[in-house]
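J.: First the structure, then my questions, so here it is.
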Amino acid sequence: MTSHVLVINSGSSSIKYRLLDMSTGTKIAGGLVERIGEAKGRLEHTRGTDRFDSTLVVGDHEEGMRHIIAAFAEHGPALDRVRLSAVGHRVVHGGAEFSAPTIITDEVCNGIDRLSALAPLHNPANLAGIHTARRLFNDVTHVAVFDTAFHATMAEEAYTYAIPRSWRDDHGVRRYGFHGTSHAYVSRKAAELLGAEPTDVNLIVLHLGNGASACAVRGGTSVDTSMGLTPLEGLVMGTRSGDLDPAIMMHMHRSAGLSAPELDDALNHDSGLRGLADDNDMRQLRRRAEEGDEQAKLARAVYCHRIRKYVGAYMAVLGHVDAIVFTAGVGENDAGIRADALAGMRDLGIDVDPERNASGRTWISSSTSERAVLVIPTDEELEIARQSLAAAQYR
Ligand code: ADP
């Protein structure tokens, strides 16, 4: 019987899941439960091309997981009939403690809990899913796969902020980086496309989704990344500001009386594309920009300008770059953003071919471009499943 892995991505009000057949890496079934704790929740389950939707009340994560198991039983495949080799859990923050996929024990749960100080929105939600799943699948190996782990290879000079020593020593303030499973998956795929071993290529990976981050990858390992202590730093995102002058926060505190939680909320939820143009969906912004909307045009221009700065910086960090790789919702689908972000870089050996770019090809650099420019769909669930299976088999 082929082995299967169930991947669980438990958020504060939702649980996303996917069941994969690991002999082929294909998705057998998947879905999500959302609006946990609200008056009206929702479950969506897909199996192959069939999709099932239901409205239900989901009090907490335990109830959510029970609904998921019931959906598998009703719409297939029943989980007690498949050979589950592991349950893989996405965990956002692994701090300095977890630098690899980790078999979950009570002690590991305590570690993830301690790191909640660094990721107060994410780690407790991830942990709620872990606790529930461990209870419901108590004879299966559970593995935590951390968004931060891929960046554990960063050198001290790359992850250290120039701040007072006690902040660093006593409060864990340093750059950790996120989107690690995506950067890992995409950089391996890029090496494959370049016909080289991952250890032989240097890449700049641009993960442009709702959250967005750039990563400088040297020989298959992360040497720098744009997200820092939290996923707020770096590129312009759907609702997050990315880089800014930290003095802006003190200024807004003094001149508008904003408190720390208000600043936190504004920079995480009302900034980025939403702050620039009242919408965090790049599809809408593209449509509006095409219709001549100045706000949408500016939002897209700011977004691209920030990407350009990181590409330039990471070329200098890496010294030699074989390819620039676009991935995630915007990176995979918005040819205009890809073209504008890399425009005018011929002298840096980067030249996007307009036709290849517009026609949705994987290889979008021109035939004279010194460096390849690639579009590679990411698959974080598959990466989590692979890493979980490998960890479970090593135990
Ligand atoms: P997440 O970070 O939540 O996994 P995704 O990788 O799915 O996000 O990316 C979501 C973003 O991708 C949204 O801003 C959405 O507007 C954008 N997006 C999705 N499809 C397109 C498209 N065809 N053109 C432009 N942007 C797109």
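Numbering starts fresh at 1 for the residues of each chain in the structure tokens, the chains themselves are lettered A, B, ... in the order given, and ligands are numbered from 1 as they appear.
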Residues of chain A that approach ligand 1 to 8 Å or less, counting only C-alpha atoms and all ligand atoms: could you list each one with the shortest pair of atoms and its distance in Å to one decimal, rows by chain and increasing residue number, as a tab-separated table?

T.:
residue	atom	partner	partner_atom_place_in_ligand_line	distance
A:His207	CA	ligand 1	6 (O)	7.8
A:Leu208	CA	ligand 1	6 (O)	6.5
A:Gly209	CA	ligand 1	9 (O)	3.4
A:Asn210	CA	ligand 1	2 (O)	3.8
A:Gly211	CA	ligand 1	2 (O)	4.7
A:Ala212	CA	ligand 1	2 (O)	7.1
A:Gly238	CA	ligand 1	14 (O)	5.8
A:Asn280	CA	ligand 1	14 (O)	5.8
A:Asp281	CA	ligand 1	16 (O)	3.5
A:Met282	CA	ligand 1	16 (O)	3.8
A:Arg283	CA	ligand 1	25 (C)	4.3
A:Gln284	CA	ligand 1	16 (O)	7.1
A:Arg286	CA	ligand 1	25 (C)	7.1
A:Thr327	CA	ligand 1	6 (O)	7.7
A:Ala328	CA	ligand 1	6 (O)	3.9
A:Gly329	CA	ligand 1	12 (O)	3.2
A:Val330	CA	ligand 1	26 (N)	4.1
A:Gly331	CA	ligand 1	26 (N)	7.6
A:Glu332	CA	ligand 1	21 (C)	7.5
A:Asn333	CA	ligand 1	22 (C)	4.4
A:Asp334	CA	ligand 1	25 (C)	4.4
A:Ala335	CA	ligand 1	24 (N)	8.0

J.: Take the residues just selected and output them with N, CA and C atoms as a PDB file, in the first residue's frame.

T.:
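After the write, again_10.pdb holds the following:
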ATOM      1  N   HIS A 207       9.015  35.237  -3.695  1.00  0.00           N
ATOM      2  CA  HIS A 207       7.714  34.649  -3.363  1.00  0.00           C
ATOM      3  C   HIS A 207       6.742  35.808  -3.188  1.00  0.00           C
ATOM      4  N   LEU A 208       5.856  35.993  -4.170  1.00  0.00           N
ATOM      5  CA  LEU A 208       4.940  37.138  -4.150  1.00  0.00           C
ATOM      6  C   LEU A 208       3.503  36.641  -4.029  1.00  0.00           C
ATOM      7  N   GLY A 209       3.061  36.434  -2.810  1.00  0.00           N
ATOM      8  CA  GLY A 209       1.675  36.016  -2.566  1.00  0.00           C
ATOM      9  C   GLY A 209       0.988  37.112  -1.785  1.00  0.00           C
ATOM     10  N   ASN A 210       0.080  36.740  -0.896  1.00  0.00           N
ATOM     11  CA  ASN A 210      -0.484  37.733   0.021  1.00  0.00           C
ATOM     12  C   ASN A 210       0.614  38.273   0.912  1.00  0.00           C
ATOM     13  N   GLY A 211       1.386  37.321   1.471  1.00  0.00           N
ATOM     14  CA  GLY A 211       2.657  37.680   2.101  1.00  0.00           C
ATOM     15  C   GLY A 211       3.698  37.609   0.987  1.00  0.00           C
ATOM     16  N   ALA A 212       4.779  38.356   1.107  1.00  0.00           N
ATOM     17  CA  ALA A 212       5.783  38.309   0.042  1.00  0.00           C
ATOM     18  C   ALA A 212       7.170  38.382   0.656  1.00  0.00           C
ATOM     19  N   GLY A 238       0.228  42.263   0.603  1.00  0.00           N
ATOM     20  CA  GLY A 238      -1.191  42.572   0.453  1.00  0.00           C
ATOM     21  C   GLY A 238      -1.637  43.621   1.461  1.00  0.00           C
ATOM     22  N   ASN A 280      -6.235  44.693  -1.406  1.00  0.00           N
ATOM     23  CA  ASN A 280      -5.034  43.860  -1.314  1.00  0.00           C
ATOM     24  C   ASN A 280      -4.990  42.793  -2.406  1.00  0.00           C
ATOM     25  N   ASP A 281      -5.962  42.836  -3.316  1.00  0.00           N
ATOM     26  CA  ASP A 281      -5.998  41.832  -4.375  1.00  0.00           C
ATOM     27  C   ASP A 281      -5.342  42.402  -5.634  1.00  0.00           C
ATOM     28  N   MET A 282      -4.218  41.823  -6.014  1.00  0.00           N
ATOM     29  CA  MET A 282      -3.455  42.359  -7.144  1.00  0.00           C
ATOM     30  C   MET A 282      -4.242  42.289  -8.452  1.00  0.00           C
ATOM     31  N   ARG A 283      -5.169  41.332  -8.558  1.00  0.00           N
ATOM     32  CA  ARG A 283      -5.983  41.258  -9.789  1.00  0.00           C
ATOM     33  C   ARG A 283      -6.809  42.524  -9.973  1.00  0.00           C
ATOM     34  N   GLN A 284      -7.407  42.974  -8.858  1.00  0.00           N
ATOM     35  CA  GLN A 284      -8.221  44.198  -8.917  1.00  0.00           C
ATOM     36  C   GLN A 284      -7.340  45.397  -9.225  1.00  0.00           C
ATOM     37  N   ARG A 286      -4.576  45.454 -10.886  1.00  0.00           N
ATOM     38  CA  ARG A 286      -4.164  45.442 -12.294  1.00  0.00           C
ATOM     39  C   ARG A 286      -5.290  45.984 -13.176  1.00  0.00           C
ATOM     40  N   THR A 327       7.481  33.278  -7.878  1.00  0.00           N
ATOM     41  CA  THR A 327       6.502  32.273  -7.473  1.00  0.00           C
ATOM     42  C   THR A 327       5.374  32.900  -6.653  1.00  0.00           C
ATOM     43  N   ALA A 328       4.361  32.085  -6.332  1.00  0.00           N
ATOM     44  CA  ALA A 328       3.155  32.444  -5.555  1.00  0.00           C
ATOM     45  C   ALA A 328       2.193  33.303  -6.391  1.00  0.00           C
ATOM     46  N   GLY A 329       1.012  33.573  -5.826  1.00  0.00           N
ATOM     47  CA  GLY A 329      -0.119  34.162  -6.570  1.00  0.00           C
ATOM     48  C   GLY A 329       0.247  35.268  -7.547  1.00  0.00           C
ATOM     49  N   VAL A 330       0.924  36.306  -7.072  1.00  0.00           N
ATOM     50  CA  VAL A 330       1.283  37.421  -7.950  1.00  0.00           C
ATOM     51  C   VAL A 330       2.447  37.027  -8.864  1.00  0.00           C
ATOM     52  N   GLY A 331       3.459  36.411  -8.297  1.00  0.00           N
ATOM     53  CA  GLY A 331       4.646  36.043  -9.078  1.00  0.00           C
ATOM     54  C   GLY A 331       4.325  35.089 -10.220  1.00  0.00           C
ATOM     55  N   GLU A 332       3.369  34.183  -9.979  1.00  0.00           N
ATOM     56  CA  GLU A 332       3.035  33.194 -11.002  1.00  0.00           C
ATOM     57  C   GLU A 332       2.089  33.749 -12.062  1.00  0.00           C
ATOM     58  N   ASN A 333       1.326  34.788 -11.700  1.00  0.00           N
ATOM     59  CA  ASN A 333       0.221  35.201 -12.580  1.00  0.00           C
ATOM     60  C   ASN A 333       0.274  36.607 -13.139  1.00  0.00           C
ATOM     61  N   ASP A 334       1.081  37.477 -12.575  1.00  0.00           N
ATOM     62  CA  ASP A 334       1.023  38.870 -13.016  1.00  0.00           C
ATOM     63  C   ASP A 334       2.261  39.232 -13.848  1.00  0.00           C
ATOM     64  N   ALA A 335       2.103  39.106 -15.166  1.00  0.00           N
ATOM     65  CA  ALA A 335       3.226  39.360 -16.075  1.00  0.00           C
ATOM     66  C   ALA A 335       3.692  40.810 -15.981  1.00  0.00           C
TER      67      ALA A 335
END

J.: List every residue of segment 202-310 of chain A that has an atom at most 12 Å from any atom of segment 105-128 of chain A, giving for each one its closest atom pair and the distance in Å to one decimal, counting only C-alpha atoms, sorted by chain and then by ascending residue number, as a tab-separated table.

T.:
residue	atom	partner	partner_atom	distance
A:Gly228	CA	A:Leu118	CA	10.9
A:Leu229	CA	A:Leu118	CA	7.4
A:Thr230	CA	A:Ala119	CA	7.0
A:Pro231	CA	A:Ala119	CA	9.1
A:Leu232	CA	A:Ala119	CA	11.1
A:Asp264	CA	A:Leu121	CA	11.6
A:Asp265	CA	A:Leu121	CA	11.5
A:Asn268	CA	A:Leu121	CA	11.2

J.: Need the shell around Ile364 of chain A: protein/DNA/RNA residues with any atom at most 7 Å away, counting only C-alpha atoms. Skip same-chain ones fewer than 5 positions apart. Format as a list of chain:residue names?

T.: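 The filter keeps A:Val352, A:Asp353, A:Arg356, A:Asn357, A:Val373, A:Leu374.
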
J.: Run DSSP on the backbone and grab whatever in segment 131-213 of chain A lands in alpha helix (DSSP H); send it over as JSON, numbers by chain.

T.: {"A": [131, 132, 133, 134, 135, 136, 156, 157, 158, 159, 165, 166, 167, 168, 169, 170, 171, 180, 181, 182, 183, 184, 185, 186, 187, 188, 189, 190, 191, 192, 193, 194]}

J.: Tell me which of A:Leu136, A:Leu43, A:Ile307, A:Val173 sits closest to Tyr161 of chain A, counting only C-alpha atoms.

T.: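 Among the listed residues, the smallest separation from Tyr161 of chain A belongs to A:Val173.
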
J.: Run DSSP on the backbone and grab whatever in segment 189-371 of chain A lands in strand (DSSP E); send it over as a VMD selection string.

T.: chain A and resid 202 to 208 212 to 218 221 to 225 323 to 327

J.: Just to be explicit: take each residue in the selection above, keep N, CA, C and O atoms, and write the result as a tab-separated table (two decimals), in the first residue's frame.

T.:
chain	number	residue	atom	x	y	z
A	202	ASN	N	23.12	29.60	-7.78
A	202	ASN	CA	22.74	30.73	-6.93
A	202	ASN	C	21.48	31.38	-7.50
A	202	ASN	O	21.40	31.61	-8.71
A	203	LEU	N	20.54	31.65	-6.61
A	203	LEU	CA	19.24	32.14	-7.08
A	203	LEU	C	18.73	33.29	-6.22
A	203	LEU	O	19.08	33.40	-5.04
A	204	ILE	N	17.89	34.11	-6.85
A	204	ILE	CA	17.08	35.05	-6.07
A	204	ILE	C	15.64	34.60	-6.26
A	204	ILE	O	15.13	34.59	-7.38
A	205	VAL	N	15.00	34.16	-5.16
A	205	VAL	CA	13.63	33.69	-5.25
A	205	VAL	C	12.71	34.78	-4.74
A	205	VAL	O	12.91	35.32	-3.65
A	206	LEU	N	11.69	35.10	-5.55
A	206	LEU	CA	10.71	36.13	-5.17
A	206	LEU	C	9.37	35.45	-4.96
A	206	LEU	O	8.70	35.08	-5.93
A	207	HIS	N	9.02	35.24	-3.70
A	207	HIS	CA	7.71	34.65	-3.36
A	207	HIS	C	6.74	35.81	-3.19
A	207	HIS	O	6.82	36.56	-2.21
A	208	LEU	N	5.86	35.99	-4.17
A	208	LEU	CA	4.94	37.14	-4.15
A	208	LEU	C	3.50	36.64	-4.03
A	208	LEU	O	2.82	36.41	-5.03
A	212	ALA	N	4.78	38.36	1.11
A	212	ALA	CA	5.78	38.31	0.04
A	212	ALA	C	7.17	38.38	0.66
A	212	ALA	O	7.38	39.12	1.63
A	213	SER	N	8.09	37.58	0.10
A	213	SER	CA	9.47	37.68	0.57
A	213	SER	C	10.45	37.31	-0.53
A	213	SER	O	10.13	36.55	-1.43
A	214	ALA	N	11.63	37.90	-0.43
A	214	ALA	CA	12.72	37.58	-1.35
A	214	ALA	C	13.74	36.76	-0.59
A	214	ALA	O	13.89	36.92	0.62
A	215	CYS	N	14.42	35.87	-1.31
A	215	CYS	CA	15.43	35.05	-0.64
A	215	CYS	C	16.65	34.92	-1.55
A	215	CYS	O	16.52	34.64	-2.74
A	216	ALA	N	17.82	35.13	-0.98
A	216	ALA	CA	19.08	34.90	-1.70
A	216	ALA	C	19.51	33.48	-1.37
A	216	ALA	O	19.75	33.16	-0.20
A	217	VAL	N	19.57	32.64	-2.40
A	217	VAL	CA	19.89	31.22	-2.18
A	217	VAL	C	21.24	30.89	-2.81
A	217	VAL	O	21.42	31.04	-4.02
A	218	ARG	N	22.18	30.47	-2.00
A	218	ARG	CA	23.50	30.08	-2.51
A	218	ARG	C	23.67	28.58	-2.35
A	218	ARG	O	23.63	28.05	-1.23
A	221	THR	N	21.11	26.80	-0.19
A	221	THR	CA	20.84	27.27	1.18
A	221	THR	C	20.55	28.77	1.19
A	221	THR	O	21.08	29.52	0.37
A	222	SER	N	19.73	29.17	2.17
A	222	SER	CA	19.37	30.58	2.29
A	222	SER	C	20.51	31.35	2.92
A	222	SER	O	21.01	30.98	3.99
A	223	VAL	N	20.94	32.44	2.26
A	223	VAL	CA	21.97	33.28	2.87
A	223	VAL	C	21.42	34.64	3.30
A	223	VAL	O	22.06	35.35	4.07
A	224	ASP	N	20.25	34.99	2.79
A	224	ASP	CA	19.60	36.22	3.26
A	224	ASP	C	18.14	36.18	2.81
A	224	ASP	O	17.80	35.54	1.82
A	225	THR	N	17.30	36.86	3.56
A	225	THR	CA	15.89	36.90	3.20
A	225	THR	C	15.28	38.19	3.73
A	225	THR	O	15.80	38.79	4.67
A	323	ALA	N	19.86	32.60	-11.64
A	323	ALA	CA	18.47	32.82	-12.05
A	323	ALA	C	17.69	33.62	-11.02
A	323	ALA	O	17.99	33.57	-9.83
A	324	ILE	N	16.70	34.34	-11.55
A	324	ILE	CA	15.71	35.02	-10.71
A	324	ILE	C	14.44	34.20	-10.86
A	324	ILE	O	14.05	33.87	-12.00
A	325	VAL	N	13.79	33.87	-9.75
A	325	VAL	CA	12.62	33.00	-9.82
A	325	VAL	C	11.41	33.68	-9.21
A	325	VAL	O	11.48	34.16	-8.07
A	326	PHE	N	10.32	33.71	-9.96
A	326	PHE	CA	9.05	34.25	-9.45
A	326	PHE	C	8.14	33.11	-9.04
A	326	PHE	O	8.01	32.12	-9.76
A	327	THR	N	7.48	33.28	-7.88
A	327	THR	CA	6.50	32.27	-7.47
A	327	THR	C	5.37	32.90	-6.65
A	327	THR	O	5.42	34.08	-6.33

J.: I'd like the interatomic distance between atom CA of Ala390 of chain A and atom CA of Ala86 of chain A, to a tenth of an Å.

T.: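 About the pair atom CA of Ala390 of chain A and atom CA of Ala86 of chain A: they are 9.4 Å apart.
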
J.: From the list A:Glu157, A:Asp243, A:Asp139, A:Glu97, which residue is nearest Met227 of chain A when using only C-alpha atoms?

T.: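 Among the listed residues, the smallest separation from Met227 of chain A belongs to A:Asp243.
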
J.: Grab the atom CA of Ala144 of chain A to atom CA of Asp60 of chain A distance for me, in Å with one decimal place.

T.: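 Between atom CA of Ala144 of chain A and atom CA of Asp60 of chain A the gap works out to 20.9 Å.
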
J.: Looking at only C-alpha atoms, which of A:His142, A:His151, A:His183, A:Arg371 is the one that sits closest to Gly94 of chain A?

T.: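 Smallest distance to Gly94 of chain A is found for A:His151.
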
J.: Do you have the atom CA of Ile350 of chain A-atom CA of Ser369 of chain A distance handy?

T.: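 Separating atom CA of Ile350 of chain A from atom CA of Ser369 of chain A is a distance of 5.5 Å.
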
J.: So, counting only C-alpha atoms, which residue among A:Ala184, A:Val57, A:Leu32, A:Ala100 is closest to Asp379 of chain A?

T.: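 Among the listed residues, A:Ala184 lies closest to Asp379 of chain A.
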
J.: Between A:Pro354, A:Gly272, A:Pro261, A:Gly30, which residue has the minimum interatomic distance to Ala299 of chain A, considering only C-alpha atoms?

T.: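 Nearest candidate to Ala299 of chain A out of A:Pro354, A:Gly272, A:Pro261, A:Gly30: A:Gly272.
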